[in-house]
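Beneath this line is the structure, given in structure tokens, with notes to follow.
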Protein chains: 2
Amino acid sequence: MNTVEQYIEAINQGLAQIPYPESPDELYAPIRYELSLGGKRIRPLLTLMACEMFGVDYHQALAPALGIEIFHNFTLLHDDVMDNADVRRGKPTVHKVWNENAAVLSGDAMQILAYMQIMKAPDFYLREVLDVFSHTAMEICEGQQYDMEFEVRDDVSEDEYLNMIRLKTAVLLGGALKIGAIIAEAGATSAEKLYQFGVNIGLAFQLKDDYLDVYGDPVVFGKKIGGDILNNKKTYMLINALRLANGEDKEELLGWLNREDFDSKEKISCITALYNRLGIKELCENKMQEYYSKACECLRSIEVEDDNYKNPLLQLASDLMYREY
Amino acid sequence: MNTVEQYIEAINQGLAQIPYPESPDELYAPIRYELSLGGKRIRPLLTLMACEMFGVDYHQALAPALGIEIFHNFTLLHDDVMDNADVRRGKPTVHKVWNENAAVLSGDAMQILAYMQIMKAPDFYLREVLDVFSHTAMEICEGQQYDMEFEVRDDVSEDEYLNMIRLKTAVLLGGALKIGAIIAEAGATSAEKLYQFGVNIGLAFQLKDDYLDVYGDPVVFGKKIGGDILNNKKTYMLINALRLANGEDKEELLGWLNREDFDSKEKISCITALYNRLGIKELCENKMQEYYSKACECLRSIEVEDDNYKNPLLQLASDLMYREY
């Protein structure tokens, strides 16, 4: 069996070996830059592991796996334009290094490049793989749209939020797994279960992001703690705090959300204390656990030749669930 | 044989019947808006006519034809963001009606929607059609990149300019025709000749755009004459004027290009007079004629059951070549 390191090596090599025309450099350089920023490569990893779980050599699924990673990075590139974000993975964003037009256009080209890789799937699965990919890609656009709308709304419900992160984040994990299963000819039932495994892991994964912003260990986390709190970002934590707070707590919370001038440390510590009083920490932990259990149940119910074949995916899910950064 | 009106009716109906999810409306409304702005529908028309030229019912090619039109409109949408254009086909652009983020994201979704339509091609041709489409789409991004680069360069050569308009405009006309030919099982030689027909028509078409900005009849043209001149746009006309002007003419031309304060009418009439002195009008007419002749030659050399089947494409090419608006 391959190790995670071997898979990631294959993914990074594959990404580095994509041939680009020599010119126009200003179109292709931002693409190479975005793809070189690294990241955990979770999505292509899922595709490769799904393929091998059914006893099929992962090389069969490598090109589509790269396509999924390119698509994911395209969404980050355009999201950074829309959010006007300066930094991505510790480096300046594409529209900061080049400019906004270069970021928009290179992103457009990345989307085509993603399709070009996906299209390398063998004829027999081409249509099915493309259908999953396109459907998922459209859902991700929907998720990003909801995310932007929620920024200017203050009545976002928990269900709406969970649906948004399902679309924006979770379905691509599901889609990545399903594509691996299709290429491994795993059959519709297994492919669907693996998809659900991925969606549930994706939901837990995004909630963990929200959670670590408040309860992460600043030394291990890598990013500053409390960024979401300072930005009034409508995370799972804040949405539930708004729902559960009453009386003085509610007043205090709304006070912090509406204040323009404040001491960052004070705002973070007061809101964290409020979350603690309201039991938001446990609420989030329980919700993550719920998704994680559902995910594991989905994976468990899939029939494979040898149950040990599931270990890499189980391990990856556990790593994502219990990560500290 | 179908009339142009019948084809266009089928295209517009097809576009209107694309099913969109109900929400998020802010993602899908800009797409519907952009597609409802109209336009000549030349590209899907070419696909349908190409298909019928080889005796195959155009309905076989309708979905991919719609995909091509959606892709074309996506490029207009994102180009308008990059150019910060206020008006498209007499209506406010998407980023004016909504905002820039909506325009970027809806454009991204349109690209996926285009692929979804292209993917409706029958299994037998799916890969070939997708390859032509993706390759063409990437070239269009390259063309847009060159176009943006040329805006800030003042040493653009005629060859560079012709290559830019080939990529940005002409290859999609070629690709649209080739996809029609593939679906009609016309064979590689005919498909390639039809592609070359389209590219040459596309080049003539874009040169005609440049030409009409200077020599169009203001009553018939619909747009204001001289827009390119006022913006110092590096058209075929200006690039050649810069190349051919000497002495006082050169000085006068550079003077107009560098002046910030000027009377619009005066600038247009002086530069037009300069173009006339330098023989730019004939130069452009000859170049258009050259491409048009090449295009007709390509079409003529294709073998079909009945040469009359070529008439719709010949007529369309002639209409585009001799249009006054």
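By order in the structure tokens, chains are A, B, ...; within a chain, residues start at 1; ligands start at 1, following the order shown.
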
Per-residue nearest contacts chain A to chain B, cut-off 9 Å, using only C-alpha atoms, as a tab-separated table:
```
residue	atom	partner	partner_atom	distance
A:Ser23	CA	B:Glu142	CA	8.1
A:Pro24	CA	B:Glu142	CA	6.4
A:Glu26	CA	B:Gln145	CA	7.4
A:Leu27	CA	B:Gln145	CA	6.3
A:His78	CA	B:Val104	CA	7.8
A:Asp79	CA	B:Leu105	CA	8.8
A:Val81	CA	B:Asn101	CA	8.2
A:Met82	CA	B:Asn101	CA	5.4
A:Asp83	CA	B:Asn101	CA	8.7
A:Glu100	CA	B:Met82	CA	8.1
A:Asn101	CA	B:Met82	CA	5.4
A:Ala102	CA	B:Gln145	CA	7.9
A:Val104	CA	B:Val104	CA	7.3
A:Leu105	CA	B:Cys141	CA	6.8
A:Ser106	CA	B:Cys141	CA	8.0
A:Gly107	CA	B:Asp108	CA	8.8
A:Asp108	CA	B:Asp108	CA	7.1
A:Ala109	CA	B:Met138	CA	6.1
A:Gln111	CA	B:Gln111	CA	8.1
A:Ile112	CA	B:Ser134	CA	6.2
A:Leu113	CA	B:Met138	CA	7.9
A:Tyr115	CA	B:Ser134	CA	7.7
A:Met116	CA	B:Ser134	CA	6.8
A:Met119	CA	B:Arg127	CA	7.6
A:Asp123	CA	B:Arg127	CA	7.8
A:Leu126	CA	B:Arg127	CA	8.1
A:Arg127	CA	B:Met119	CA	7.6
A:Leu130	CA	B:Met119	CA	8.1
A:Asp131	CA	B:Met116	CA	7.8
A:Ser134	CA	B:Ile112	CA	6.2
A:His135	CA	B:Ile112	CA	8.6
A:Ala137	CA	B:Ile112	CA	7.2
A:Met138	CA	B:Ala109	CA	6.1
A:Cys141	CA	B:Ala109	CA	6.3
A:Glu142	CA	B:Pro24	CA	6.4
A:Gly143	CA	B:Pro24	CA	8.8
A:Gln144	CA	B:Leu105	CA	8.1
A:Gln145	CA	B:Leu27	CA	6.3
A:Tyr146	CA	B:Pro24	CA	6.9
A:Met148	CA	B:Asn101	CA	8.8
A:Glu149	CA	B:Glu26	CA	8.8
```

Using backbone DSSP assignments, extract all strand (DSSP E) residues from segment 32-261 of chain A; output them as a PyMOL selection string.
chain A and resi 87-88+91-92

Selected residues written out, C-alpha atoms, as a compact mmCIF listing (two decimals), in the first residue's frame:
```txt
# COMPACT_ATOMS: atom_id res chain seq x y z
CA VAL A 87 -2.43 36.54 1.81
CA ARG A 88 -2.88 32.89 0.86
CA LYS A 91 2.29 34.29 0.49
CA PRO A 92 0.79 37.31 -1.30
```

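You can rank A:Lys234, A:Lys178, A:Arg323, A:Lys281 by their closest distance to Tyr211 of chain A using only C-alpha atoms, and at the top of that list sits A:Lys281.
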
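Going from atom CA of Pro312 of chain A over to atom CA of Gly198 of chain A, you cover 13.5 Å.
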
Would you kindly return, as a PyMOL selection string, each protein, DNA or RNA residue with an atom no farther than 8 Å from any atom of Leu230 of chain A, considering only C-alpha atoms and excluding same-chain residues fewer than 5 positions away?
chain A and resi 264+267-268

Got a sec: who's within 12 Å of Glu9 of chain A, counting only C-alpha atoms, leaving out chain neighbours fewer than 2 positions off, as a JSON list (two decimals) with all heavy atoms, in the first residue's frame?
```json
[["chain", "number", "residue", "atom", "x", "y", "z"],
["A", 2, "ASN", "N", 0.38, 2.28, -0.65],
["A", 2, "ASN", "CA", 1.15, 3.51, -0.73],
["A", 2, "ASN", "C", 0.98, 4.33, 0.54],
["A", 2, "ASN", "O", -0.07, 4.31, 1.17],
["A", 2, "ASN", "CB", 0.67, 4.35, -1.92],
["A", 2, "ASN", "CG", 0.79, 3.59, -3.22],
["A", 2, "ASN", "OD1", 1.87, 3.44, -3.75],
["A", 2, "ASN", "ND2", -0.33, 3.07, -3.70],
["A", 3, "THR", "N", 2.02, 5.07, 0.88],
["A", 3, "THR", "CA", 1.90, 5.98, 2.02],
["A", 3, "THR", "C", 1.34, 7.32, 1.52],
["A", 3, "THR", "O", 1.37, 7.62, 0.32],
["A", 3, "THR", "CB", 3.28, 6.25, 2.65],
["A", 3, "THR", "OG1", 4.10, 6.92, 1.68],
["A", 3, "THR", "CG2", 3.96, 4.94, 3.06],
["A", 4, "VAL", "N", 0.85, 8.10, 2.49],
["A", 4, "VAL", "CA", 0.34, 9.44, 2.14],
["A", 4, "VAL", "C", 1.43, 10.24, 1.44],
["A", 4, "VAL", "O", 1.17, 10.96, 0.47],
["A", 4, "VAL", "CB", -0.13, 10.17, 3.43],
["A", 4, "VAL", "CG1", -0.46, 11.62, 3.12],
["A", 4, "VAL", "CG2", -1.34, 9.47, 4.02],
["A", 5, "GLU", "N", 2.66, 10.09, 1.93],
["A", 5, "GLU", "CA", 3.78, 10.85, 1.35],
["A", 5, "GLU", "C", 3.97, 10.48, -0.14],
["A", 5, "GLU", "O", 4.24, 11.35, -0.96],
["A", 5, "GLU", "CB", 5.08, 10.58, 2.12],
["A", 5, "GLU", "CG", 5.12, 11.22, 3.51],
["A", 5, "GLU", "CD", 4.17, 10.54, 4.50],
["A", 5, "GLU", "OE1", 3.89, 9.33, 4.34],
["A", 5, "GLU", "OE2", 3.67, 11.23, 5.41],
["A", 6, "GLN", "N", 3.82, 9.20, -0.44],
["A", 6, "GLN", "CA", 3.98, 8.77, -1.83],
["A", 6, "GLN", "C", 2.88, 9.37, -2.72],
["A", 6, "GLN", "O", 3.15, 9.83, -3.83],
["A", 6, "GLN", "CB", 3.96, 7.24, -1.92],
["A", 6, "GLN", "CG", 5.28, 6.61, -1.46],
["A", 6, "GLN", "CD", 5.17, 5.10, -1.30],
["A", 6, "GLN", "OE1", 4.19, 4.59, -0.75],
["A", 6, "GLN", "NE2", 6.18, 4.38, -1.77],
["A", 7, "TYR", "N", 1.66, 9.34, -2.20],
["A", 7, "TYR", "CA", 0.56, 9.94, -2.96],
["A", 7, "TYR", "C", 0.83, 11.43, -3.21],
["A", 7, "TYR", "O", 0.67, 11.94, -4.31],
["A", 7, "TYR", "CB", -0.76, 9.81, -2.19],
["A", 7, "TYR", "CG", -1.39, 8.44, -2.21],
["A", 7, "TYR", "CD1", -1.78, 7.83, -1.03],
["A", 7, "TYR", "CD2", -1.63, 7.76, -3.41],
["A", 7, "TYR", "CE1", -2.39, 6.57, -1.03],
["A", 7, "TYR", "CE2", -2.23, 6.51, -3.42],
["A", 7, "TYR", "CZ", -2.61, 5.92, -2.22],
["A", 7, "TYR", "OH", -3.22, 4.70, -2.23],
["A", 11, "ILE", "N", 1.17, 13.57, -6.62],
["A", 11, "ILE", "CA", 0.31, 14.72, -6.94],
["A", 11, "ILE", "C", 1.15, 15.95, -7.27],
["A", 11, "ILE", "O", 0.94, 16.62, -8.28],
["A", 11, "ILE", "CB", -0.65, 15.02, -5.75],
["A", 11, "ILE", "CG1", -1.66, 13.89, -5.59],
["A", 11, "ILE", "CG2", -1.34, 16.37, -5.94],
["A", 11, "ILE", "CD1", -2.35, 13.85, -4.23],
["A", 12, "ASN", "N", 2.13, 16.24, -6.40],
["A", 12, "ASN", "CA", 2.94, 17.43, -6.63],
["A", 12, "ASN", "C", 3.77, 17.31, -7.91],
["A", 12, "ASN", "O", 3.94, 18.29, -8.64],
["A", 12, "ASN", "CB", 3.83, 17.71, -5.42],
["A", 12, "ASN", "CG", 3.03, 18.32, -4.28],
["A", 12, "ASN", "OD1", 2.01, 18.98, -4.51],
["A", 12, "ASN", "ND2", 3.46, 18.08, -3.05],
["A", 13, "GLN", "N", 4.27, 16.12, -8.16],
["A", 13, "GLN", "CA", 5.01, 15.90, -9.41],
["A", 13, "GLN", "C", 4.09, 16.10, -10.61],
["A", 13, "GLN", "O", 4.47, 16.74, -11.59],
["A", 13, "GLN", "CB", 5.58, 14.49, -9.44],
["A", 13, "GLN", "CG", 7.09, 14.47, -9.55],
["A", 13, "GLN", "CD", 7.62, 13.06, -9.59],
["A", 13, "GLN", "OE1", 7.09, 12.20, -10.29],
["A", 13, "GLN", "NE2", 8.67, 12.83, -8.84],
["A", 14, "GLY", "N", 2.91, 15.53, -10.51],
["A", 14, "GLY", "CA", 1.93, 15.66, -11.60],
["A", 14, "GLY", "C", 1.61, 17.12, -11.87],
["A", 14, "GLY", "O", 1.57, 17.57, -13.02],
["A", 15, "LEU", "N", 1.41, 17.90, -10.81],
["A", 15, "LEU", "CA", 1.09, 19.32, -10.97],
["A", 15, "LEU", "C", 2.27, 20.07, -11.59],
["A", 15, "LEU", "O", 2.08, 20.94, -12.44],
["A", 15, "LEU", "CB", 0.72, 19.94, -9.62],
["A", 15, "LEU", "CG", -0.61, 19.51, -9.02],
["A", 15, "LEU", "CD1", -0.77, 20.09, -7.61],
["A", 15, "LEU", "CD2", -1.78, 19.94, -9.90],
["A", 16, "ALA", "N", 3.47, 19.69, -11.16],
["A", 16, "ALA", "CA", 4.65, 20.40, -11.66],
["A", 16, "ALA", "C", 4.93, 20.06, -13.13],
["A", 16, "ALA", "O", 5.58, 20.82, -13.84],
["A", 16, "ALA", "CB", 5.87, 20.04, -10.81],
["A", 38, "GLY", "N", 1.27, 25.19, -2.43],
["A", 38, "GLY", "CA", 1.19, 24.01, -1.57],
["A", 38, "GLY", "C", -0.21, 23.76, -1.05],
["A", 38, "GLY", "O", -1.18, 23.85, -1.79],
["A", 40, "LYS", "N", -2.63, 21.07, 1.63],
["A", 40, "LYS", "CA", -2.63, 19.68, 2.09],
["A", 40, "LYS", "C", -2.93, 18.68, 0.98],
["A", 40, "LYS", "O", -2.79, 17.49, 1.17],
["A", 40, "LYS", "CB", -3.65, 19.51, 3.22],
["A", 40, "LYS", "CG", -3.46, 20.45, 4.42],
["A", 40, "LYS", "CD", -4.36, 20.04, 5.59],
["A", 40, "LYS", "CE", -4.40, 21.12, 6.68],
["A", 40, "LYS", "NZ", -5.33, 22.24, 6.36],
["A", 41, "ARG", "N", -3.37, 19.16, -0.17],
["A", 41, "ARG", "CA", -3.69, 18.28, -1.32],
["A", 41, "ARG", "C", -4.71, 17.21, -0.93],
["A", 41, "ARG", "O", -4.64, 16.07, -1.40],
["A", 41, "ARG", "CB", -2.43, 17.61, -1.88],
["A", 41, "ARG", "CG", -1.26, 18.53, -2.18],
["A", 41, "ARG", "CD", -1.55, 19.52, -3.27],
["A", 41, "ARG", "NE", -0.35, 20.21, -3.74],
["A", 41, "ARG", "CZ", -0.38, 21.42, -4.32],
["A", 41, "ARG", "NH1", -1.52, 22.07, -4.47],
["A", 41, "ARG", "NH2", 0.73, 21.98, -4.74],
["A", 44, "PRO", "N", -7.22, 15.67, -4.10],
["A", 44, "PRO", "CA", -6.66, 14.62, -4.97],
["A", 44, "PRO", "C", -6.26, 13.37, -4.18],
["A", 44, "PRO", "O", -6.38, 12.25, -4.69],
["A", 44, "PRO", "CB", -5.44, 15.30, -5.61],
["A", 44, "PRO", "CG", -5.12, 16.46, -4.73],
["A", 44, "PRO", "CD", -6.42, 16.91, -4.15],
["A", 45, "LEU", "N", -5.81, 13.57, -2.96],
["A", 45, "LEU", "CA", -5.48, 12.44, -2.09],
["A", 45, "LEU", "C", -6.69, 11.53, -1.94],
["A", 45, "LEU", "O", -6.60, 10.29, -2.01],
["A", 45, "LEU", "CB", -5.06, 13.01, -0.73],
["A", 45, "LEU", "CG", -4.09, 12.28, 0.17],
["A", 45, "LEU", "CD1", -2.87, 11.81, -0.59],
["A", 45, "LEU", "CD2", -3.66, 13.20, 1.33],
["A", 62, "LEU", "N", -5.00, 9.51, -11.56],
["A", 62, "LEU", "CA", -4.12, 10.65, -11.23],
["A", 62, "LEU", "C", -4.50, 11.93, -11.98],
["A", 62, "LEU", "O", -4.60, 13.00, -11.35],
["A", 62, "LEU", "CB", -2.65, 10.27, -11.48],
["A", 62, "LEU", "CG", -1.61, 11.30, -11.00],
["A", 62, "LEU", "CD1", -1.80, 11.65, -9.53],
["A", 62, "LEU", "CD2", -0.19, 10.79, -11.25]]
```

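Between atom CA of Ala176 of chain B and atom CA of Glu192 of chain B the separation is 11.7 Å.
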
Residues within 7 Å of segment 236-250 of chain A, only C-alpha atoms, excluding chain neighbours under 6 positions, as a PyMOL selection string
chain A and resi 156-158+207+210+275+278+280

Would you save the residues of that selection, restricted to C-alpha atoms, as a PDB file, in the first residue's frame?
```
ATOM      1  CA  VAL A 156     -28.483  33.370   8.890  1.00  0.00           C
ATOM      2  CA  SER A 157     -29.847  30.179  10.418  1.00  0.00           C
ATOM      3  CA  GLU A 158     -27.786  27.166  11.435  1.00  0.00           C
ATOM      4  CA  LEU A 207     -16.604  23.129  11.453  1.00  0.00           C
ATOM      5  CA  ASP A 210     -14.454  27.504  12.687  1.00  0.00           C
ATOM      6  CA  TYR A 275     -19.133  31.171  23.749  1.00  0.00           C
ATOM      7  CA  LEU A 278     -23.371  29.503  26.110  1.00  0.00           C
ATOM      8  CA  ILE A 280     -20.888  26.756  22.003  1.00  0.00           C
TER       9      ILE A 280
END
```

What is the distance, in Å and to one decimal place, between atom CA of Ala65 of chain B and atom CA of Leu35 of chain B?
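For atom CA of Ala65 of chain B relative to atom CA of Leu35 of chain B, the distance reads 13.7 Å.
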
Per DSSP on the backbone, filter segment 114-262 of chain A down to the residues in helix (DSSP H, G or I) and report them as a PyMOL selection string.
chain A and resi 114-118+123-151+158-183+188-215+218-221+227-230+236-244+247-258

Using only C-alpha atoms for the distances, tell me which of B:Glu303, B:Asp217, B:Glu251, B:Glu185 is nearest to Cys51 of chain B.
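Closest to Cys51 of chain B, using only C-alpha atoms: B:Glu185.
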
Pick out the residues sitting within 10 Å of Gly227 of chain A, and hand them over as a ChimeraX atom specification; count only C-alpha atoms, and ignore anything fewer than 4 positions along from it in its own chain.
/A:213-214,223,231-233,264,268

Among listed residues B:Ile302, B:Cys296, B:Ile201, B:Ala63, nearest Leu320 of chain B (using only C-alpha atoms)
B:Ile201

Within 8 Å of Ile179 of chain B, counting only C-alpha atoms, which residues qualify if same-chain residues fewer than 6 places away don't, as a PyMOL selection string?
chain B and resi 47+64+129+132-133+191

Suppose we keep all heavy atoms; can you now write the selection as a PDB file, in the first residue's frame?
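part.pdb, written as the output of this step:
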```pdb
ATOM      1  N   THR B  47     -22.109  26.382 -35.959  1.00  0.00           N
ATOM      2  CA  THR B  47     -22.126  24.966 -35.589  1.00  0.00           C
ATOM      3  C   THR B  47     -23.274  24.237 -36.279  1.00  0.00           C
ATOM      4  O   THR B  47     -23.096  23.162 -36.864  1.00  0.00           O
ATOM      5  CB  THR B  47     -22.268  24.810 -34.057  1.00  0.00           C
ATOM      6  OG1 THR B  47     -21.241  25.580 -33.421  1.00  0.00           O
ATOM      7  CG2 THR B  47     -22.137  23.351 -33.635  1.00  0.00           C
ATOM      8  N   PRO B  64     -24.296  21.346 -27.956  1.00  0.00           N
ATOM      9  CA  PRO B  64     -22.945  21.926 -28.012  1.00  0.00           C
ATOM     10  C   PRO B  64     -22.931  23.342 -28.583  1.00  0.00           C
ATOM     11  O   PRO B  64     -22.147  24.180 -28.132  1.00  0.00           O
ATOM     12  CB  PRO B  64     -22.187  20.954 -28.915  1.00  0.00           C
ATOM     13  CG  PRO B  64     -22.904  19.655 -28.769  1.00  0.00           C
ATOM     14  CD  PRO B  64     -24.346  20.024 -28.594  1.00  0.00           C
ATOM     15  N   VAL B 129     -15.098  16.493 -29.345  1.00  0.00           N
ATOM     16  CA  VAL B 129     -15.766  17.791 -29.212  1.00  0.00           C
ATOM     17  C   VAL B 129     -15.203  18.565 -28.022  1.00  0.00           C
ATOM     18  O   VAL B 129     -14.900  19.762 -28.119  1.00  0.00           O
ATOM     19  CB  VAL B 129     -17.293  17.585 -29.074  1.00  0.00           C
ATOM     20  CG1 VAL B 129     -17.981  18.863 -28.611  1.00  0.00           C
ATOM     21  CG2 VAL B 129     -17.881  17.117 -30.395  1.00  0.00           C
ATOM     22  N   VAL B 132     -11.655  19.973 -28.789  1.00  0.00           N
ATOM     23  CA  VAL B 132     -11.693  21.187 -29.605  1.00  0.00           C
ATOM     24  C   VAL B 132     -12.147  22.364 -28.750  1.00  0.00           C
ATOM     25  O   VAL B 132     -11.549  23.447 -28.780  1.00  0.00           O
ATOM     26  CB  VAL B 132     -12.648  21.020 -30.813  1.00  0.00           C
ATOM     27  CG1 VAL B 132     -12.830  22.346 -31.550  1.00  0.00           C
ATOM     28  CG2 VAL B 132     -12.118  19.951 -31.762  1.00  0.00           C
ATOM     29  N   PHE B 133     -13.180  22.128 -27.961  1.00  0.00           N
ATOM     30  CA  PHE B 133     -13.733  23.215 -27.150  1.00  0.00           C
ATOM     31  C   PHE B 133     -12.711  23.719 -26.130  1.00  0.00           C
ATOM     32  O   PHE B 133     -12.473  24.930 -26.026  1.00  0.00           O
ATOM     33  CB  PHE B 133     -15.005  22.741 -26.438  1.00  0.00           C
ATOM     34  CG  PHE B 133     -15.594  23.788 -25.544  1.00  0.00           C
ATOM     35  CD1 PHE B 133     -16.197  24.913 -26.076  1.00  0.00           C
ATOM     36  CD2 PHE B 133     -15.529  23.668 -24.163  1.00  0.00           C
ATOM     37  CE1 PHE B 133     -16.726  25.904 -25.263  1.00  0.00           C
ATOM     38  CE2 PHE B 133     -16.058  24.639 -23.338  1.00  0.00           C
ATOM     39  CZ  PHE B 133     -16.661  25.758 -23.889  1.00  0.00           C
ATOM     40  N   ALA B 191     -13.263  18.697 -41.507  1.00  0.00           N
ATOM     41  CA  ALA B 191     -13.379  19.439 -40.252  1.00  0.00           C
ATOM     42  C   ALA B 191     -12.289  20.498 -40.171  1.00  0.00           C
ATOM     43  O   ALA B 191     -12.540  21.633 -39.753  1.00  0.00           O
ATOM     44  CB  ALA B 191     -13.304  18.490 -39.061  1.00  0.00           C
TER      45      ALA B 191
END
```

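Minimum atom-to-atom distance to Leu46 of chain B, evaluated using only C-alpha atoms, belongs to B:Leu314 out of B:Ala204, B:Ala114, B:Leu314, B:Leu253.
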